[in-house]
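Shown here: run-v6.tsv, TSV, C-alpha atoms.
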chain	number	residue	atom	x	y	z
A	28	MET	CA	-25.08	-21.31	15.64
A	29	LEU	CA	-23.44	-20.11	12.41
A	30	LEU	CA	-22.87	-16.73	14.07
A	31	PHE	CA	-21.01	-18.31	16.98
A	32	ASN	CA	-18.96	-20.56	14.68
A	33	SER	CA	-17.90	-17.67	12.50
A	34	PHE	CA	-16.86	-15.70	15.60
A	35	LEU	CA	-14.67	-18.61	16.73
A	36	PHE	CA	-13.16	-19.41	13.33
A	37	CYS	CA	-12.34	-15.85	12.25
A	38	GLY	CA	-11.00	-15.03	15.71
A	39	PHE	CA	-8.87	-18.17	15.73
A	40	ILE	CA	-7.18	-17.32	12.42
A	41	CYS	CA	-6.52	-13.72	13.54
A	42	MET	CA	-5.12	-14.95	16.88
A	43	ILE	CA	-2.74	-17.42	15.19
A	44	SER	CA	-1.44	-14.75	12.83
A	45	GLN	CA	-0.96	-12.32	15.73
A	46	ILE	CA	1.04	-14.97	17.63
A	47	ILE	CA	3.21	-15.59	14.53
A	48	LEU	CA	3.67	-11.83	14.11
A	49	ASP	CA	4.75	-11.34	17.72
A	50	ASN	CA	7.10	-14.29	18.09
A	51	THR	CA	8.93	-14.37	14.75
A	52	LYS	CA	10.49	-11.85	12.42
A	53	LEU	CA	7.82	-12.30	9.74
A	54	THR	CA	5.97	-9.20	8.53
A	55	PRO	CA	2.20	-8.99	7.78
A	56	GLY	CA	3.07	-9.49	4.10
A	57	HIS	CA	4.66	-12.87	4.84
A	58	ILE	CA	1.69	-13.92	6.96
A	59	THR	CA	-0.97	-13.03	4.39
A	60	SER	CA	0.98	-14.89	1.69
A	61	LEU	CA	1.27	-17.92	3.98
A	62	LEU	CA	-2.45	-17.85	4.75
A	63	VAL	CA	-3.41	-17.62	1.06
A	64	THR	CA	-1.19	-20.62	0.29
A	65	PHE	CA	-2.71	-22.46	3.23
A	66	GLY	CA	-6.25	-21.76	1.99
A	67	ALA	CA	-5.39	-23.00	-1.50
A	68	PHE	CA	-3.85	-26.13	0.02
A	69	LEU	CA	-6.96	-26.81	2.12
A	70	ASP	CA	-9.27	-26.47	-0.84
A	71	SER	CA	-7.26	-28.73	-3.14
A	72	PHE	CA	-8.89	-31.64	-1.32
A	73	SER	CA	-12.22	-29.86	-0.71
A	74	ILE	CA	-11.64	-29.41	3.03
A	75	TYR	CA	-12.34	-25.68	2.92
A	76	ASP	CA	-15.78	-26.26	1.36
A	77	LYS	CA	-16.73	-28.34	4.38
A	78	ILE	CA	-15.41	-25.61	6.70
A	79	ILE	CA	-17.57	-23.02	4.88
A	80	LYS	CA	-20.63	-25.26	5.30
A	81	VAL	CA	-20.05	-25.47	9.06
A	82	VAL	CA	-18.77	-21.94	9.71
A	83	GLY	CA	-20.62	-19.77	7.17
A	84	GLY	CA	-19.61	-16.18	6.58
A	85	GLY	CA	-16.74	-16.23	9.06
A	86	ALA	CA	-14.77	-18.47	6.71
A	87	LEU	CA	-15.38	-16.21	3.69
A	88	LEU	CA	-13.91	-13.10	5.28
A	89	PRO	CA	-10.27	-14.00	6.15
A	90	ILE	CA	-7.66	-13.93	3.41
A	91	THR	CA	-7.59	-17.76	3.35
A	92	SER	CA	-10.84	-17.68	1.41
A	93	PHE	CA	-9.00	-15.79	-1.34
A	94	GLY	CA	-6.81	-18.83	-2.01
A	95	HIS	CA	-9.84	-21.05	-1.68
A	96	SER	CA	-11.82	-19.20	-4.34
A	97	LEU	CA	-8.82	-19.04	-6.71
A	98	ILE	CA	-8.39	-22.81	-6.77
A	99	HIS	CA	-12.15	-23.45	-6.60
A	100	GLY	CA	-12.82	-21.52	-9.82
A	101	ALA	CA	-9.80	-23.12	-11.49
A	102	LEU	CA	-10.95	-26.66	-10.69
A	103	ALA	CA	-14.55	-25.90	-11.69
A	104	LYS	CA	-13.39	-24.74	-15.15
A	105	ALA	CA	-10.96	-27.66	-15.42
A	106	GLU	CA	-13.90	-30.05	-15.28
A	107	SER	CA	-15.22	-28.88	-18.63
A	108	PHE	CA	-12.14	-27.49	-20.44
A	109	GLY	CA	-9.36	-29.85	-19.42
A	110	ILE	CA	-5.94	-28.65	-18.32
A	111	MET	CA	-6.33	-25.17	-19.85
A	112	GLY	CA	-9.33	-24.65	-17.60
A	113	ILE	CA	-6.98	-24.19	-14.64
A	114	PHE	CA	-5.69	-21.01	-16.29
A	115	MET	CA	-9.09	-19.90	-17.54
A	116	GLY	CA	-11.05	-20.15	-14.32
A	117	MET	CA	-8.43	-18.89	-11.90
A	118	PHE	CA	-10.03	-15.47	-11.29
A	119	ASP	CA	-13.67	-16.49	-11.79
A	120	LEU	CA	-14.76	-16.15	-8.16
A	121	THR	CA	-12.24	-13.64	-6.84
A	122	ALA	CA	-12.83	-11.13	-9.65
A	123	THR	CA	-15.45	-9.30	-7.58
A	124	GLY	CA	-13.06	-8.79	-4.68
A	125	ILE	CA	-10.09	-7.70	-6.76
A	126	SER	CA	-12.00	-5.34	-9.06
A	127	ALA	CA	-13.97	-3.83	-6.16
A	128	ALA	CA	-10.73	-3.24	-4.26
A	129	MET	CA	-9.06	-1.66	-7.31
A	130	ILE	CA	-11.99	0.66	-8.04
A	131	CYS	CA	-12.40	1.70	-4.40
A	132	ALA	CA	-8.64	2.31	-4.07
A	133	PHE	CA	-8.55	4.44	-7.21
A	134	LEU	CA	-11.57	6.50	-6.19
A	135	ALA	CA	-10.15	7.01	-2.71
A	136	ALA	CA	-6.83	8.17	-4.17
A	137	LEU	CA	-8.68	10.47	-6.56
A	138	PHE	CA	-10.81	12.28	-4.00
A	139	PHE	CA	-8.77	12.19	-0.78
A	140	LYS	CA	-5.38	13.46	0.27
A	141	PRO	CA	-3.19	11.37	2.60
A	142	ILE	CA	-3.27	12.60	6.19
A	143	ASP	CA	0.07	12.50	7.98
B	15	MET	CA	32.29	-8.70	26.17
B	16	ARG	CA	31.10	-5.19	25.62
B	17	ASN	CA	28.48	-6.44	23.24
B	18	THR	CA	26.87	-8.83	25.70
B	19	LYS	CA	26.81	-6.18	28.39
B	20	TYR	CA	25.17	-3.77	25.98
B	21	GLU	CA	22.59	-6.38	25.02
B	22	ARG	CA	21.75	-7.07	28.66
B	23	ILE	CA	21.24	-3.41	29.42
B	24	ALA	CA	19.21	-2.89	26.25
B	25	ASN	CA	17.02	-5.88	27.06
B	26	ASN	CA	16.32	-4.52	30.53
B	27	HIS	CA	15.05	-1.26	29.14
B	28	LYS	CA	13.00	-2.69	26.30
B	29	ALA	CA	9.27	-2.11	26.58
B	30	PRO	CA	7.62	-5.39	27.62
B	31	GLU	CA	5.65	-6.99	24.80
B	32	LYS	CA	2.20	-7.99	25.91
B	33	ARG	CA	1.92	-11.08	23.77
B	34	LEU	CA	-1.03	-12.66	25.56
B	35	GLN	CA	-2.97	-9.41	25.51
B	36	ASN	CA	-2.23	-8.89	21.81
B	37	ALA	CA	-3.38	-12.41	20.98
B	38	SER	CA	-6.65	-12.07	22.90
B	39	ILE	CA	-7.35	-8.62	21.43
B	40	SER	CA	-6.89	-9.92	17.91
B	41	PHE	CA	-9.03	-12.97	18.73
B	42	PHE	CA	-11.94	-10.77	19.81
B	43	SER	CA	-11.62	-8.18	17.04
B	44	GLY	CA	-11.25	-10.84	14.34
B	45	GLY	CA	-14.14	-12.75	15.81
B	46	LEU	CA	-16.32	-9.65	15.76
B	47	MET	CA	-15.47	-9.15	12.08
B	48	GLY	CA	-16.53	-12.73	11.35
B	49	LEU	CA	-19.71	-12.22	13.37
B	50	PHE	CA	-20.60	-9.10	11.36
B	51	ALA	CA	-19.90	-10.95	8.10
B	52	GLU	CA	-22.25	-13.81	8.97
B	53	GLY	CA	-24.83	-11.35	10.33
B	54	ILE	CA	-24.81	-9.30	7.11
B	55	ILE	CA	-25.25	-12.48	5.06
B	56	GLN	CA	-28.22	-13.59	7.17
B	57	ILE	CA	-29.85	-10.13	7.12
B	58	LEU	CA	-29.54	-9.90	3.32
B	59	CYS	CA	-30.95	-13.41	2.97
B	60	MET	CA	-33.94	-12.66	5.19
B	61	MET	CA	-34.78	-9.13	4.08
B	62	PHE	CA	-34.20	-9.29	0.33
B	63	GLY	CA	-34.60	-13.01	-0.32
B	64	MET	CA	-31.15	-13.38	-1.93
B	65	SER	CA	-29.31	-16.67	-2.15
B	66	ARG	CA	-26.36	-17.20	0.19
B	67	VAL	CA	-23.80	-16.93	-2.63
B	68	ASP	CA	-25.17	-13.57	-3.82
B	69	SER	CA	-25.29	-12.12	-0.34
B	70	ALA	CA	-21.71	-13.34	0.36
B	71	THR	CA	-20.54	-11.38	-2.71
B	72	PHE	CA	-22.40	-8.30	-1.47
B	73	MET	CA	-20.85	-8.72	1.97
B	74	ILE	CA	-17.29	-8.88	0.60
B	75	VAL	CA	-17.81	-5.79	-1.61
B	76	PHE	CA	-19.35	-3.96	1.36
B	77	PHE	CA	-16.38	-4.73	3.61
B	78	ILE	CA	-13.90	-3.65	0.90
B	79	PHE	CA	-15.82	-0.40	0.40
B	80	LEU	CA	-15.84	0.33	4.14
B	81	ALA	CA	-12.12	-0.42	4.49
B	82	SER	CA	-11.21	1.89	1.59
B	83	LEU	CA	-13.45	4.64	2.93
B	84	PHE	CA	-12.00	4.51	6.44
B	85	THR	CA	-8.45	4.35	5.06
B	86	ALA	CA	-9.20	7.46	3.00
B	87	PHE	CA	-10.47	9.29	6.09
B	88	GLY	CA	-7.41	8.15	8.04
B	89	PHE	CA	-9.16	6.18	10.81
B	90	PHE	CA	-7.99	2.77	9.74
B	91	ASP	CA	-4.34	3.05	10.81
B	92	LYS	CA	-5.35	4.09	14.32
B	93	TRP	CA	-7.71	1.14	14.57
B	94	VAL	CA	-5.00	-1.26	13.37
B	95	THR	CA	-2.68	-0.17	16.19
B	96	LYS	CA	-5.48	-0.85	18.69
B	97	LEU	CA	-7.13	-3.94	17.24
B	98	LYS	CA	-3.95	-5.61	15.80
B	99	CYS	CA	-4.31	-8.49	13.35
B	100	GLY	CA	-8.10	-8.61	13.63
B	101	LEU	CA	-8.30	-5.98	10.90
B	102	LEU	CA	-5.28	-7.02	8.80
B	103	ILE	CA	-6.05	-10.66	8.15
B	104	PRO	CA	-9.65	-10.31	6.87
B	105	ILE	CA	-10.22	-8.91	3.36
B	106	THR	CA	-10.22	-5.40	4.88
B	107	GLY	CA	-6.42	-5.61	5.21
B	108	PHE	CA	-6.12	-6.33	1.49
B	109	ALA	CA	-8.28	-3.31	0.60
B	110	HIS	CA	-6.41	-1.17	3.14
B	111	SER	CA	-2.99	-1.98	1.67
B	112	MET	CA	-4.16	-1.18	-1.88
B	113	THR	CA	-5.84	2.09	-0.88
B	114	SER	CA	-2.99	3.33	1.29
B	115	SER	CA	-0.29	2.58	-1.29
B	116	SER	CA	-2.23	4.27	-4.09
B	117	MET	CA	-2.91	7.30	-1.88
B	118	ASP	CA	0.72	7.58	-0.83
B	119	TYR	CA	2.02	7.67	-4.41
B	120	LYS	CA	-0.69	10.02	-5.68
B	121	ARG	CA	1.73	12.95	-6.03
B	122	GLU	CA	3.88	11.04	-8.53
B	123	GLY	CA	1.09	11.21	-11.09
B	124	PHE	CA	-1.69	8.99	-12.33
B	125	ILE	CA	0.31	6.59	-14.48
B	126	TYR	CA	3.59	6.10	-12.64
B	127	GLY	CA	2.17	6.97	-9.23
B	128	ILE	CA	-1.22	5.39	-8.68
B	129	GLY	CA	-1.09	3.01	-11.63
B	130	SER	CA	2.20	1.31	-10.98
B	131	ASN	CA	2.20	1.42	-7.18
B	132	MET	CA	-1.33	0.22	-6.43
B	133	PHE	CA	-0.24	-3.40	-6.01
B	134	LYS	CA	2.98	-2.56	-4.19
B	135	LEU	CA	1.81	-4.12	-0.90
B	136	ALA	CA	-1.08	-6.28	-2.08
B	137	GLY	CA	0.69	-7.89	-5.02
B	138	ASN	CA	2.28	-10.63	-2.94
B	139	VAL	CA	-1.13	-11.99	-1.96
B	140	ILE	CA	-2.24	-12.24	-5.59
B	141	LEU	CA	1.06	-13.68	-6.87
B	142	TYR	CA	1.44	-16.39	-4.25
B	143	GLY	CA	-2.29	-17.15	-4.30
B	144	VAL	CA	-2.23	-17.74	-8.06
B	145	LEU	CA	1.05	-19.67	-7.86
B	146	SER	CA	-0.13	-22.01	-5.11
B	147	ALA	CA	-3.60	-22.42	-6.66
B	148	TRP	CA	-1.95	-23.41	-9.95
B	149	PHE	CA	0.42	-25.83	-8.21
B	150	PHE	CA	-2.21	-27.56	-6.08
B	151	GLY	CA	-4.69	-27.49	-8.96
B	152	MET	CA	-2.22	-29.33	-11.22
B	153	ILE	CA	-1.62	-31.92	-8.49
B	154	ARG	CA	-5.37	-32.42	-8.04
B	155	TYR	CA	-5.88	-32.59	-11.82
B	156	PHE	CA	-3.26	-35.27	-12.39
B	157	MET	CA	-4.44	-37.29	-9.40
B	158	GLY	CA	-7.72	-37.54	-11.29
B	159	GLY	CA	-9.97	-36.17	-8.62
B	160	ILE	CA	-12.15	-34.14	-10.96
B	161	GLY	CA	-14.37	-34.73	-13.95
Conversion result in structure tokens:
Amino acid sequence: MLLFNSFLFCGFICMISQIILDNTKLTPGHITSLLVTFGAFLDSFSIYDKIIKVVGGGALLPITSFGHSLIHGALAKAESFGIMGIFMGMFDLTATGISAAMICAFLAALFFKPID
Amino acid sequence: MRNTKYERIANNHKAPEKRLQNASISFFSGGLMGLFAEGIIQILCMMFGMSRVDSATFMIVFFIFLASLFTAFGFFDKWVTKLKCGLLIPITGFAHSMTSSSMDYKREGFIYGIGSNMFKLAGNVILYGVLSAWFFGMIRYFMGGIG
């Protein structure tokens, strides 16, 4: 059931962004920024956590989950450290994604030449 | 007068955009990506006895690694033109933009080429993610929803 739900959810988000891309003048950069903001908005009232419980891995893959994990780590640290915790815990959960992407990108640029 | 005539002729000769087809293609490709993600999580849980959180981290790193590798080999851009947004909206698009910008500026050197241009395309995601997470986090904090 989780497999089917993640197919539907991930496909739905990609379809919506494709429709926005086709019918307006927004570029993929605008759309990813919008989706990250949307994910952070959804998690500020813990809606995205419920979506992850129902959908599973399909909700962790789109870029909305990036915004979700930013605010999730920030709020988890804010519980114990007060208002400074929002700054401290911001990258707690997304650090794996960002550092993995940076290391992979650097290694790829080191060993490969761009093909035109 | 001339302008409107020109626009009419230009519109007649424009290639028709297949919006419905694009939308359904990106629905299926994005859905397949989500299916693989959930499948990898379940396989890791069953075969190695990991918790769901650990296997989700492994899954994300695995997808980022694959996206960087395929961008380096040059397949990824061809797949994006075929599969549309299904590859750009998941985390693979993020890894793809970082890898391609750092590969493009490789010839300008390590510091001013790769170092300063790595986040050229992916920086907007991080900036607006942090900004909105800070904003909504402050709202949530002052509403007293936590702790």
Checklist line | Residues within 8 Å of Ser92 (chain A), all atoms listed in the file, excluding chain neighbours under 5 positions, as a PyMOL selection string | finding: chain A and resi 63+66+86-87
Next item on the list: Within 7 Å of chain B, which residues of chain A are there when counting all atoms listed in the file? Please give them as a ChimeraX atom specification.
Entry: /A:30,33-35,37-39,41-42,44-46,49,59-60,63-64,67-68,71,83-85,88-90,94,97-98,102,106,113,124,127-128,131-132,135-136,139-142
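Atom pair CA of Phe65 (chain A) / CA of Met28 (chain A) has a distance of 25.6 Å (rounded to one decimal).
Atom pair CA of Lys80 (chain A) / CA of Val67 (chain B): separated by 11.9 Å.
The spacing separating CA of Lys52 (chain A) from CA of His27 (chain B) amounts to 20.3 Å.
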For region 17-26 of chain B, take all atoms listed in the file, fit an axis-aligned box around them, add 3 Å to each of the six sides, then output centre and edge lengths in Å rounded to one decimal, as AutoDock Vina command-line options.
--center_x 22.4 --center_y -5.9 --center_z 26.9 --size_x 18.2 --size_y 11.9 --size_z 13.3
